[in-house]
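Everything below belongs to coords14.tsv, which stores TSV, C-alpha atoms and all ligand atoms.
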chain	number	residue	atom	x	y	z
A	1	MET	CA	23.27	13.00	14.08
A	2	GLN	CA	23.08	15.82	11.54
A	3	ILE	CA	22.44	14.88	7.93
A	4	THR	CA	23.86	17.50	5.57
A	5	ALA	CA	23.18	18.23	1.90
A	6	LYS	CA	26.48	16.48	1.11
A	7	HIS	CA	25.22	13.37	2.89
A	8	ILE	CA	21.98	13.47	0.89
A	9	ILE	CA	24.05	13.53	-2.30
A	10	TYR	CA	26.02	10.56	-0.96
A	11	PHE	CA	22.69	8.74	-0.37
A	12	ILE	CA	21.48	9.43	-3.91
A	13	GLU	CA	24.78	8.22	-5.39
A	14	GLU	CA	24.44	5.08	-3.29
A	15	VAL	CA	20.88	4.54	-4.59
A	16	ALA	CA	22.06	4.98	-8.18
A	17	ALA	CA	24.91	2.48	-7.67
A	18	ARG	CA	22.60	-0.13	-6.12
A	19	ILE	CA	19.99	0.27	-8.85
A	20	LYS	CA	22.68	-0.13	-11.52
A	21	ASP	CA	24.09	-3.20	-9.79
A	22	GLN	CA	20.63	-4.81	-9.40
A	23	ARG	CA	19.19	-3.56	-12.70
A	24	ASP	CA	18.94	-6.97	-14.33
A	25	GLU	CA	17.49	-8.60	-11.20
A	26	LEU	CA	14.80	-5.90	-10.98
A	27	THR	CA	14.01	-6.35	-14.64
A	28	LEU	CA	13.78	-10.14	-14.21
A	29	LEU	CA	11.28	-9.69	-11.37
A	30	ASP	CA	9.26	-7.38	-13.63
A	31	ALA	CA	9.48	-9.94	-16.46
A	32	ALA	CA	7.58	-12.40	-14.26
A	33	ILE	CA	4.61	-10.16	-13.42
A	34	GLY	CA	4.99	-7.04	-15.57
A	35	ASP	CA	6.71	-5.91	-18.75
A	36	ALA	CA	10.39	-6.45	-17.90
A	37	ASP	CA	11.42	-2.82	-17.66
A	38	HIS	CA	11.61	-1.87	-13.95
A	39	GLY	CA	15.40	-2.18	-13.64
A	40	ASN	CA	16.04	-0.41	-16.92
A	41	ASN	CA	13.49	2.30	-16.08
A	42	LEU	CA	15.09	3.12	-12.75
A	43	ASP	CA	18.65	2.81	-14.00
A	44	ARG	CA	17.88	5.27	-16.79
A	45	GLY	CA	16.36	7.67	-14.26
A	46	PHE	CA	19.12	7.48	-11.67
A	47	SER	CA	21.82	7.69	-14.33
A	48	ALA	CA	20.21	10.97	-15.43
A	49	VAL	CA	20.12	12.08	-11.78
A	50	LEU	CA	23.86	11.35	-11.43
A	51	THR	CA	24.70	13.70	-14.28
A	52	LYS	CA	22.88	16.52	-12.40
A	53	LEU	CA	24.42	16.00	-8.96
A	54	PRO	CA	27.70	17.85	-9.62
A	55	GLY	CA	25.68	21.03	-10.23
A	56	MET	CA	23.80	20.63	-6.95
A	57	THR	CA	26.61	20.53	-4.39
A	58	ASP	CA	25.77	23.96	-2.93
A	59	HIS	CA	21.97	23.54	-3.07
A	60	ASP	CA	19.75	23.02	-0.05
A	61	ILE	CA	18.36	19.54	0.66
A	62	GLY	CA	14.87	20.47	-0.53
A	63	ALA	CA	16.21	21.66	-3.88
A	64	ILE	CA	18.36	18.55	-4.30
A	65	LEU	CA	15.48	16.15	-3.59
A	66	LYS	CA	13.08	18.09	-5.82
A	67	ASN	CA	15.59	18.03	-8.65
A	68	VAL	CA	15.89	14.25	-8.23
A	69	GLY	CA	12.08	13.97	-8.30
A	70	SER	CA	11.59	16.03	-11.45
A	71	THR	CA	14.45	14.21	-13.19
A	72	LEU	CA	12.83	10.85	-12.35
A	73	VAL	CA	9.42	12.03	-13.58
A	74	SER	CA	10.90	13.08	-16.91
A	75	THR	CA	13.19	10.07	-17.48
A	76	VAL	CA	11.85	6.91	-15.81
A	77	GLY	CA	8.49	6.37	-17.49
A	78	GLY	CA	6.15	3.52	-16.56
A	79	ALA	CA	4.16	3.54	-13.36
A	80	SER	CA	7.24	3.85	-11.19
A	81	GLY	CA	8.50	7.12	-12.76
A	82	PRO	CA	5.67	9.33	-11.56
A	83	LEU	CA	5.50	7.41	-8.26
A	84	TYR	CA	9.19	7.69	-7.39
A	85	GLY	CA	9.24	11.21	-8.84
A	86	THR	CA	6.36	12.26	-6.58
A	87	ALA	CA	8.05	10.60	-3.60
A	88	PHE	CA	11.25	12.65	-4.02
A	89	LEU	CA	9.31	15.85	-4.80
A	90	ARG	CA	7.22	15.45	-1.63
A	91	ALA	CA	10.27	14.60	0.46
A	92	GLY	CA	11.97	17.70	-0.95
A	93	ALA	CA	9.00	19.87	0.00
A	94	THR	CA	9.63	19.01	3.68
A	95	ALA	CA	13.25	20.20	3.47
A	96	VAL	CA	13.02	23.54	1.65
A	97	ASP	CA	15.99	25.83	2.46
A	98	ARG	CA	17.44	23.24	4.84
A	99	PHE	CA	21.14	22.39	4.71
A	100	GLU	CA	20.95	20.02	7.68
A	101	LEU	CA	18.37	17.54	8.88
A	102	ALA	CA	17.97	15.71	12.17
A	103	PRO	CA	16.83	12.06	12.10
A	104	ALA	CA	13.25	13.15	12.94
A	105	ASP	CA	13.28	15.36	9.82
A	106	VAL	CA	14.38	12.42	7.69
A	107	ILE	CA	11.47	10.39	9.06
A	108	THR	CA	9.11	13.29	8.23
A	109	ALA	CA	10.49	13.35	4.67
A	110	LEU	CA	9.99	9.58	4.32
A	111	GLU	CA	6.40	9.86	5.55
A	112	ALA	CA	5.72	12.61	3.01
A	113	ALA	CA	7.28	10.48	0.26
A	114	MET	CA	5.00	7.56	1.10
A	115	GLU	CA	1.92	9.79	1.27
A	116	GLY	CA	2.87	11.08	-2.18
A	117	ILE	CA	3.03	7.53	-3.57
A	118	GLN	CA	-0.34	6.73	-1.99
A	119	THR	CA	-2.01	9.85	-3.34
A	120	ARG	CA	-0.58	9.39	-6.79
A	121	GLY	CA	-1.02	5.62	-7.16
A	122	LYS	CA	-4.17	5.11	-5.08
A	123	ALA	CA	-2.85	1.80	-3.77
A	124	GLN	CA	-3.17	0.42	-0.26
A	125	ARG	CA	-0.87	-1.89	1.61
A	126	GLY	CA	-1.64	-5.47	0.56
A	127	ASP	CA	-2.04	-4.56	-3.13
A	128	LYS	CA	1.45	-6.00	-3.82
A	129	THR	CA	3.32	-2.76	-4.60
A	130	MET	CA	6.24	-0.72	-3.32
A	131	LEU	CA	4.00	0.37	-0.42
A	132	ASP	CA	4.22	-3.13	1.07
A	133	ALA	CA	7.94	-2.67	1.63
A	134	MET	CA	7.89	1.04	2.43
A	135	GLY	CA	4.99	0.97	4.93
A	136	PRO	CA	6.44	-1.59	7.37
A	137	GLY	CA	9.93	-0.09	6.95
A	138	ILE	CA	8.85	3.43	7.90
A	139	GLU	CA	6.72	2.11	10.77
A	140	ALA	CA	9.63	0.16	12.24
A	141	LEU	CA	11.92	3.18	11.83
A	142	GLN	CA	9.39	5.49	13.54
A	143	GLN	CA	8.92	3.06	16.39
A	144	ALA	CA	12.64	2.50	16.95
A	145	HIS	CA	13.31	6.25	16.82
A	146	ALA	CA	10.43	6.96	19.25
A	147	THR	CA	11.83	4.48	21.78
A	148	GLY	CA	15.23	6.19	21.71
A	149	ASP	CA	17.32	4.07	19.35
A	150	ASP	CA	20.07	6.02	17.64
A	151	PHE	CA	19.51	6.65	13.96
A	152	VAL	CA	21.74	3.88	12.63
A	153	VAL	CA	20.13	1.28	14.90
A	154	ALA	CA	16.65	2.56	14.03
A	155	LEU	CA	17.47	2.44	10.32
A	156	ARG	CA	18.76	-1.13	10.66
A	157	LYS	CA	15.36	-2.09	12.09
A	158	GLY	CA	13.66	-0.15	9.32
A	159	VAL	CA	15.68	-1.93	6.63
A	160	ALA	CA	14.94	-5.34	8.20
A	161	ALA	CA	11.20	-4.56	8.18
A	162	THR	CA	11.45	-3.28	4.60
A	163	GLU	CA	13.10	-6.55	3.57
A	164	ALA	CA	10.42	-8.59	5.35
A	165	GLY	CA	7.75	-6.47	3.65
A	166	MET	CA	9.40	-7.04	0.28
A	167	GLN	CA	9.43	-10.81	0.86
A	168	ALA	CA	5.82	-10.70	2.03
A	169	THR	CA	4.78	-9.50	-1.45
A	170	ILE	CA	5.61	-12.98	-2.85
A	171	PRO	CA	2.34	-14.69	-1.82
A	172	MET	CA	0.24	-11.57	-2.48
A	173	LEU	CA	-2.29	-11.19	-5.27
A	174	ALA	CA	-1.57	-8.00	-7.24
A	175	THR	CA	-4.53	-5.63	-7.37
A	176	LYS	CA	-2.79	-2.47	-8.65
A	177	GLY	CA	-0.55	-1.72	-11.60
A	178	ARG	CA	0.43	-3.94	-14.49
A	179	ALA	CA	0.86	-7.07	-12.32
A	180	SER	CA	-2.86	-6.95	-11.51
A	181	TYR	CA	-3.61	-7.87	-15.16
A	182	LEU	CA	-2.25	-11.34	-14.31
A	183	GLY	CA	-4.78	-11.99	-11.57
A	184	GLU	CA	-3.95	-15.20	-9.69
A	185	ARG	CA	-0.80	-15.69	-11.76
A	186	SER	CA	0.76	-12.73	-9.94
A	187	ILE	CA	0.91	-14.91	-6.80
A	188	GLY	CA	4.32	-16.44	-6.05
A	189	HIS	CA	6.47	-13.59	-7.40
A	190	GLN	CA	8.24	-10.80	-5.51
A	191	ASP	CA	7.10	-7.31	-6.47
A	192	PRO	CA	9.78	-5.37	-8.40
A	193	GLY	CA	8.82	-2.00	-6.88
A	194	ALA	CA	8.98	-3.40	-3.34
A	195	THR	CA	12.46	-4.66	-4.26
A	196	SER	CA	13.69	-1.26	-5.47
A	197	ILE	CA	12.32	0.27	-2.24
A	198	PHE	CA	14.51	-2.18	-0.31
A	199	LEU	CA	17.58	-1.02	-2.28
A	200	ILE	CA	16.78	2.61	-1.45
A	201	ALA	CA	16.31	1.75	2.24
A	202	GLN	CA	19.71	0.04	2.25
A	203	ALA	CA	21.26	3.15	0.68
A	204	LEU	CA	19.81	5.31	3.47
A	205	LEU	CA	21.32	3.00	6.10
A	206	VAL	CA	24.70	3.08	4.34
A	207	MET	CA	24.55	6.90	4.37
A	208	ALA	CA	23.85	6.95	8.13
A	209	GLU	CA	26.64	4.44	8.81
A	210	TYR	CA	28.98	6.64	6.76
A	211	ILE	CA	28.02	9.72	8.83
A	212	GLN	CA	28.55	7.78	12.05
A	213	THR	CA	32.02	6.57	11.01
A	214	THR	CA	33.17	9.94	9.73
A	215	ASN	CA	31.92	11.70	12.92
A	216	SER	CA	33.56	9.34	15.37
B	1	LIG	P1	5.29	-0.33	-15.22
B	1	LIG	O1	4.47	-1.24	-14.36
B	1	LIG	O2	4.50	0.80	-15.79
B	1	LIG	O3	6.07	-1.09	-16.27
B	1	LIG	P2	7.64	-0.29	-13.56
B	1	LIG	O4	7.89	-1.65	-14.08
B	1	LIG	O5	8.79	0.66	-13.60
B	1	LIG	O6	6.37	0.37	-14.25
B	1	LIG	O7	7.21	-0.39	-12.02
B	1	LIG	C1	6.39	-1.42	-11.55
B	1	LIG	C2	6.23	-1.27	-10.03
B	1	LIG	O8	5.48	-0.09	-9.74
B	1	LIG	C3	5.44	-2.39	-9.39
B	1	LIG	O9	6.28	-3.47	-9.05
B	1	LIG	C4	4.80	-1.75	-8.18
B	1	LIG	O10	5.61	-1.88	-7.03
B	1	LIG	C5	4.76	-0.29	-8.54
B	1	LIG	N1	3.40	0.16	-8.76
B	1	LIG	C6	2.63	-0.01	-9.85
B	1	LIG	N2	1.43	0.59	-9.69
B	1	LIG	C7	1.44	1.14	-8.45
B	1	LIG	C8	0.51	1.91	-7.66
B	1	LIG	N3	-0.70	2.24	-8.15
B	1	LIG	N4	0.88	2.30	-6.42
B	1	LIG	C9	2.11	1.99	-5.93
B	1	LIG	N5	3.03	1.29	-6.62
B	1	LIG	C10	2.70	0.86	-7.84
B	2	MG	MG	7.36	-2.62	-15.78
Represent the structure of the file as structure tokens.
Ligand code: ADP
Ligand code: MG
Amino acid sequence: MQITAKHIIYFIEEVAARIKDQRDELTLLDAAIGDADHGNNLDRGFSAVLTKLPGMTDHDIGAILKNVGSTLVSTVGGASGPLYGTAFLRAGATAVDRFELAPADVITALEAAMEGIQTRGKAQRGDKTMLDAMGPGIEALQQAHATGDDFVVALRKGVAATEAGMQATIPMLATKGRASYLGERSIGHQDPGATSIFLIAQALLVMAEYIQTTNS
């Protein structure tokens, strides 16, 4: 499967649509253990990204992803703005001048995105953050890809592991970010950032399914 710049734009539009649709749910999750702005933060950011996409149709994938990253940094705010911004900037840096990616390149971009979040936020898995959804998701994707699954099948496994990771944040004690101020009271609530990661993972799967249907 070849993933083109047009497909990456499709993925970003899909992310924006999912964030908009789930905005209030994300904000409700953040109301329980944060400051009730995660859905609004991300919706503001991805709405700004949408206004820039029409000008990016002939750009390479690296440029598109970097533009998304810098737009998120300047519009999202909160902890998640710089974290998601860094993720897209780092992913973009792996795809400079590329107009097509193979599945292995997408996995490389995802790994770079997660490393960016780790470097920027200094969190580890188990701290009850977005990393607890992203880490298991990328691992399952890598493993499925390495054992020869096609990209759609591998992404389905990745999304399932991302969802399980998201749900596994419920019993966790938050030790990073705003939720950590609550101490023990953070236990019993699903992490908002892990939930937005799940939406993004779903969008990536929808993009791959779209490529598969349009190629067959
Ligand atoms: P804020 O907490 O500043 O209001 P948001 O509500 O937009 O920002 O985002 C909160 C989410 O950010 C959390 O649910 C968590 O997943 C993520 N997060 C917070 N701090 C970190 C960190 N240091 N590393 C990784 N993710 C983090
Ligand atoms: Mg918040």
Env. residues ligand MG 2 (chain B) / 6 Å / only C-alpha atoms and all ligand atoms / as a compact mmCIF listing (two decimals) with C-alpha atoms, in the frame of the given file:
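Saved result, part12.txt, follows:
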# COMPACT_ATOMS: atom_id res chain seq x y z
CA ASP A 30 9.26 -7.38 -13.63
CA GLY A 34 4.99 -7.04 -15.57
CA ASP A 35 6.71 -5.91 -18.75
CA ALA A 36 10.39 -6.45 -17.90
CA ASP A 37 11.42 -2.82 -17.66
CA HIS A 38 11.61 -1.87 -13.95
Given only C-alpha atoms as the counted atoms, nearest of A:Thr57, A:Gln2, A:Gln143, A:Ser186 to Val106 in chain A: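 Among A:Thr57, A:Gln2, A:Gln143, A:Ser186, it is A:Gln2 that comes nearest to Val106 in chain A.
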Can you list, as a list in words, every protein, DNA or RNA residue that comes within 12 Å of Tyr10 in chain A when you count only C-alpha atoms, leaving out same-chain residues fewer than 2 positions away?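 Residues meeting the cut-off are Ile3, Thr4, Ala5, Lys6, His7, Ile8, Ile12, Glu13, Glu14, Val15, Ala16, Ala17, Leu50, Leu53, Pro54, Met56, Thr57, Ile61, Ile64, Ala203, Leu204, Leu205, Val206, Met207, Ala208, Glu209, Tyr210 and Ile211 of chain A.
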Quick one: of A:Phe198, A:Phe46, A:Phe88, A:Phe11, who's nearest to Val159 in chain A, counting all atoms listed in the file?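 Residue with the minimum atom-to-atom distance to Val159 in chain A: A:Phe198.
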Let me have all residues with an atom within 8 Å of ligand LIG 1 (chain B), counting all atoms listed in the file, laid out as a ChimeraX atom specification. /A:27,30,34-39,41-42,76-81,83,117-118,120-124,128-131,176-179,191-195
So how many Å separate CA of Ala113 in chain A and CA of Glu184 in chain A, to one decimal?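 So the two atoms, CA of Ala113 in chain A and CA of Glu184 in chain A, lie 29.7 Å apart.
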Can you find the residues with an atom no farther than 12 Å from (17.5, 22.3, 6.6), counting only C-alpha atoms, and report them as a PDB file with C-alpha atoms, in the frame of the given file?
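So point28.pdb came out as:
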ATOM      1  CA  GLN A   2      23.080  15.820  11.540  1.00  0.00           C
ATOM      2  CA  ILE A   3      22.440  14.880   7.930  1.00  0.00           C
ATOM      3  CA  THR A   4      23.860  17.500   5.570  1.00  0.00           C
ATOM      4  CA  ALA A   5      23.180  18.230   1.900  1.00  0.00           C
ATOM      5  CA  ILE A   8      21.980  13.470   0.890  1.00  0.00           C
ATOM      6  CA  HIS A  59      21.970  23.540  -3.070  1.00  0.00           C
ATOM      7  CA  ASP A  60      19.750  23.020  -0.050  1.00  0.00           C
ATOM      8  CA  ILE A  61      18.360  19.540   0.660  1.00  0.00           C
ATOM      9  CA  GLY A  62      14.870  20.470  -0.530  1.00  0.00           C
ATOM     10  CA  ALA A  63      16.210  21.660  -3.880  1.00  0.00           C
ATOM     11  CA  ILE A  64      18.360  18.550  -4.300  1.00  0.00           C
ATOM     12  CA  GLY A  92      11.970  17.700  -0.950  1.00  0.00           C
ATOM     13  CA  ALA A  93       9.000  19.870   0.000  1.00  0.00           C
ATOM     14  CA  THR A  94       9.630  19.010   3.680  1.00  0.00           C
ATOM     15  CA  ALA A  95      13.250  20.200   3.470  1.00  0.00           C
ATOM     16  CA  VAL A  96      13.020  23.540   1.650  1.00  0.00           C
ATOM     17  CA  ASP A  97      15.990  25.830   2.460  1.00  0.00           C
ATOM     18  CA  ARG A  98      17.440  23.240   4.840  1.00  0.00           C
ATOM     19  CA  PHE A  99      21.140  22.390   4.710  1.00  0.00           C
ATOM     20  CA  GLU A 100      20.950  20.020   7.680  1.00  0.00           C
ATOM     21  CA  LEU A 101      18.370  17.540   8.880  1.00  0.00           C
ATOM     22  CA  ALA A 102      17.970  15.710  12.170  1.00  0.00           C
ATOM     23  CA  PRO A 103      16.830  12.060  12.100  1.00  0.00           C
ATOM     24  CA  ALA A 104      13.250  13.150  12.940  1.00  0.00           C
ATOM     25  CA  ASP A 105      13.280  15.360   9.820  1.00  0.00           C
ATOM     26  CA  VAL A 106      14.380  12.420   7.690  1.00  0.00           C
ATOM     27  CA  ALA A 109      10.490  13.350   4.670  1.00  0.00           C
TER      28      ALA A 109
END
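Here CA of Gly69 in chain A stands at a distance of 7.0 Å from CA of Tyr84 in chain A.
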